[in-house]
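Contents: one structure, followed by commentary.
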Amino acid sequence: MRIVVSGTHASGKSTLISDFVLRHPEFVVLSDPFEMLDEADDSPSAGMFAAQLRIAAQRLGELAPADAVIAERGPIDFLAYLLATAELTGVPLDDELLARAVRITAAAMANVDLLVVLPLEARDGIHVGSDEHLALRAGMDEVLRELVDDPDVVSEPVRTVEIAGDPHARLEALEALVLRV
């Protein structure tokens, strides 16, 4: 099973994945593509998000249907960041860049069995520091929620599920989804 856990920064992705893998060591973890960047500056930018989109897409494209993998973020996350950044800055994305990003994302997401989205919910109790680019965090969350319902980005047979709640509730929900397959 190929699982992607998506969500904005500081939404609980790493916690959910590490808790899940402790119980299911047969799953290989694909870490956040940000960790693979050779960037000195970690300030959000369209170039940084486009690079991460390509990394996430390439990794998913290399998977076989029988692989047991859980990925922290997929290309859909970075498409959402690109769109949210454009909205926040008022600088629209180049049409060609956007079209290419959508094509790459859609092709890569076709290799996913389960897309788990961790939406921002105040009741989840995740503490976020002021250095976390709060406007971008909220904007990305909003755009991501729209993208998961866009059939040009995520199509059948990818199963998409939102999971909320405390870490234990999220883990139980993910395990229930995995056991149903």
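Residue numbering restarts at 1 for every chain of the structure tokens, chains are lettered A, B, ... in their displayed order, and ligands are numbered from 1 as they appear.
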
> In chain A, what's strand (DSSP E or B) per DSSP? Answer as a list in words?
Replying inline: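 Those residues are Arg2, Ile3, Val4, Val5, Ser6, Val28, Val29, Leu30, Val69, Ile70, Ala71, Glu72, Leu114, Leu115, Val116, Val117, Arg159, Thr160, Val161 and Glu162 of chain A.
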
Would you put the residues from that selection into a file with N, CA and C atoms, as a JSON list (two decimals), in the first residue's frame?
```json
[["chain", "number", "residue", "atom", "x", "y", "z"],
["A", 2, "ARG", "N", 0.52, 2.18, -0.85],
["A", 2, "ARG", "CA", 1.26, 3.43, -0.97],
["A", 2, "ARG", "C", 0.40, 4.55, -0.38],
["A", 3, "ILE", "N", 0.88, 5.11, 0.74],
["A", 3, "ILE", "CA", 0.13, 6.12, 1.48],
["A", 3, "ILE", "C", 0.90, 7.44, 1.43],
["A", 4, "VAL", "N", 0.18, 8.52, 1.21],
["A", 4, "VAL", "CA", 0.75, 9.86, 1.33],
["A", 4, "VAL", "C", -0.01, 10.57, 2.43],
["A", 5, "VAL", "N", 0.73, 11.16, 3.37],
["A", 5, "VAL", "CA", 0.13, 11.96, 4.43],
["A", 5, "VAL", "C", 0.41, 13.43, 4.09],
["A", 6, "SER", "N", -0.66, 14.16, 3.86],
["A", 6, "SER", "CA", -0.56, 15.55, 3.42],
["A", 6, "SER", "C", -1.14, 16.49, 4.46],
["A", 28, "VAL", "N", 7.95, 1.49, 4.66],
["A", 28, "VAL", "CA", 9.12, 2.35, 4.45],
["A", 28, "VAL", "C", 8.62, 3.80, 4.49],
["A", 29, "VAL", "N", 9.36, 4.65, 5.17],
["A", 29, "VAL", "CA", 8.98, 6.06, 5.27],
["A", 29, "VAL", "C", 9.75, 6.87, 4.22],
["A", 30, "LEU", "N", 9.01, 7.65, 3.47],
["A", 30, "LEU", "CA", 9.60, 8.64, 2.58],
["A", 30, "LEU", "C", 9.48, 9.97, 3.31],
["A", 69, "VAL", "N", 4.63, 1.71, 1.62],
["A", 69, "VAL", "CA", 5.32, 3.00, 1.78],
["A", 69, "VAL", "C", 4.35, 4.00, 2.37],
["A", 70, "ILE", "N", 4.88, 4.83, 3.27],
["A", 70, "ILE", "CA", 4.12, 5.98, 3.78],
["A", 70, "ILE", "C", 5.00, 7.21, 3.59],
["A", 71, "ALA", "N", 4.48, 8.17, 2.85],
["A", 71, "ALA", "CA", 5.25, 9.37, 2.49],
["A", 71, "ALA", "C", 4.74, 10.58, 3.25],
["A", 72, "GLU", "N", 5.70, 11.32, 3.79],
["A", 72, "GLU", "CA", 5.35, 12.59, 4.41],
["A", 72, "GLU", "C", 5.33, 13.63, 3.29],
["A", 114, "LEU", "N", -3.73, 5.59, -0.96],
["A", 114, "LEU", "CA", -4.46, 6.30, 0.08],
["A", 114, "LEU", "C", -3.81, 7.66, 0.33],
["A", 115, "LEU", "N", -4.60, 8.72, 0.20],
["A", 115, "LEU", "CA", -4.16, 10.07, 0.50],
["A", 115, "LEU", "C", -4.83, 10.48, 1.80],
["A", 116, "VAL", "N", -4.01, 10.68, 2.82],
["A", 116, "VAL", "CA", -4.51, 11.08, 4.14],
["A", 116, "VAL", "C", -4.23, 12.56, 4.29],
["A", 117, "VAL", "N", -5.27, 13.35, 4.51],
["A", 117, "VAL", "CA", -5.13, 14.79, 4.66],
["A", 117, "VAL", "C", -5.38, 15.14, 6.12],
["A", 159, "ARG", "N", -7.93, 6.79, -2.90],
["A", 159, "ARG", "CA", -8.86, 7.02, -1.80],
["A", 159, "ARG", "C", -8.33, 8.20, -0.98],
["A", 160, "THR", "N", -9.17, 9.21, -0.78],
["A", 160, "THR", "CA", -8.77, 10.39, -0.03],
["A", 160, "THR", "C", -9.61, 10.48, 1.23],
["A", 161, "VAL", "N", -8.91, 10.67, 2.37],
["A", 161, "VAL", "CA", -9.60, 10.73, 3.65],
["A", 161, "VAL", "C", -8.98, 11.83, 4.50],
["A", 162, "GLU", "N", -9.82, 12.63, 5.14],
["A", 162, "GLU", "CA", -9.36, 13.60, 6.12],
["A", 162, "GLU", "C", -9.38, 12.93, 7.49]]
```

> Which residue out of A:Leu22, A:Ala46, A:Ala107, A:Ala99 has the minimum interatomic distance to A:Gly61 when only C-alpha atoms are used?
Replying inline: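 Selected residue with least distance to A:Gly61: A:Ala107.
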
> Could you pull out all residues of stretch 1-174 of chain A with a DSSP call of alpha helix (DSSP H) and give them as an NGL selection string?
Replying inline: :A and (13-23 or 46-61 or 75-89 or 95-109 or 134-147 or 167-174)

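Excluding A:His168 itself and any same-chain residue fewer than 4 positions from it, the protein and nucleic acid residues within 9 Å of it, counting only C-alpha atoms, are Leu16, Asp19, Glu172 and Ala173 of chain A.
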
>> Need the shell around A:Leu174: protein/DNA/RNA residues with any atom at most 9 Å away, counting only C-alpha atoms. Skip same-chain ones fewer than 2 positions apart. Format as a ChimeraX atom specification?
In response: /A:16,20,116,163,169-172,176-179

Export of prior selection with C-alpha atoms as a compact mmCIF listing (two decimals), in the first residue's frame:
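Result file is result-v6.txt:
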```txt
# COMPACT_ATOMS: atom_id res chain seq x y z
CA LEU A 16 1.27 10.37 12.73
CA PHE A 20 2.19 4.42 12.53
CA VAL A 116 -4.51 11.08 4.14
CA ILE A 163 -8.23 12.58 9.60
CA ALA A 169 -7.33 9.23 17.32
CA ARG A 170 -5.44 9.95 14.11
CA LEU A 171 -3.36 6.80 14.46
CA GLU A 172 -6.44 4.66 15.12
CA ALA A 176 -8.52 1.28 10.45
CA LEU A 177 -8.17 2.55 6.87
CA VAL A 178 -5.11 0.40 6.20
CA LEU A 179 -6.72 -2.72 7.66
```

> Pick from A:Val148, A:Val153, A:Met36, A:Val158: nearest to A:Arg54, with only C-alpha atoms counted?
Replying inline: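 The shortest atom-to-atom distance to A:Arg54 comes from A:Met36.
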
>> Quick one: residues within 12 Å of A:Ala66, only C-alpha atoms, excluding same-chain residues fewer than 2 positions away - as a list in words?
In response: Met1, Arg2, Ile3, Glu26, Phe27, Glu62, Leu63, Ala64, Ala68, Val69, Asn111, Val112 and Asp113 of chain A

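Atom pair atom CA of A:Pro119 / atom CA of A:Ala56: separated by 19.7 Å.
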
Residues near A:Leu79, anyone? I mean within 10 Å using only C-alpha atoms, not counting same-chain ones fewer than 6 positions away, as an mmCIF file with C-alpha atoms, in the first residue's frame.
```
data_model
loop_
_atom_site.group_PDB
_atom_site.id
_atom_site.type_symbol
_atom_site.label_atom_id
_atom_site.label_comp_id
_atom_site.auth_asym_id
_atom_site.auth_seq_id
_atom_site.Cartn_x
_atom_site.Cartn_y
_atom_site.Cartn_z
ATOM 1 C CA ALA A 46 7.932 29.275 -5.469
ATOM 2 C CA PHE A 49 8.094 24.514 -3.541
ATOM 3 C CA ALA A 50 8.539 23.568 -7.215
ATOM 4 C CA GLN A 52 9.953 19.768 -3.591
ATOM 5 C CA LEU A 53 7.038 19.002 -5.902
ATOM 6 C CA THR A 85 2.059 31.629 -2.046
ATOM 7 C CA LEU A 98 1.014 25.928 -13.138
ATOM 8 C CA ALA A 101 2.825 21.413 -11.837
ATOM 9 C CA VAL A 102 -0.745 20.125 -12.150
ATOM 10 C CA ILE A 104 3.222 16.282 -12.648
ATOM 11 C CA THR A 105 1.082 16.170 -9.516
ATOM 12 C CA MET A 140 -1.996 26.167 2.098
ATOM 13 C CA VAL A 143 -5.956 25.322 -1.051
ATOM 14 C CA LEU A 144 -5.082 21.694 -0.210
ATOM 15 C CA LEU A 147 -7.195 20.340 -4.536
ATOM 16 C CA VAL A 153 -5.367 16.529 -9.588
#
```

>> Counting only C-alpha atoms, which residue out of A:Leu93, A:Met48, A:Leu88, A:Ala106 sits closest to A:Gly74?
In response: A:Ala106
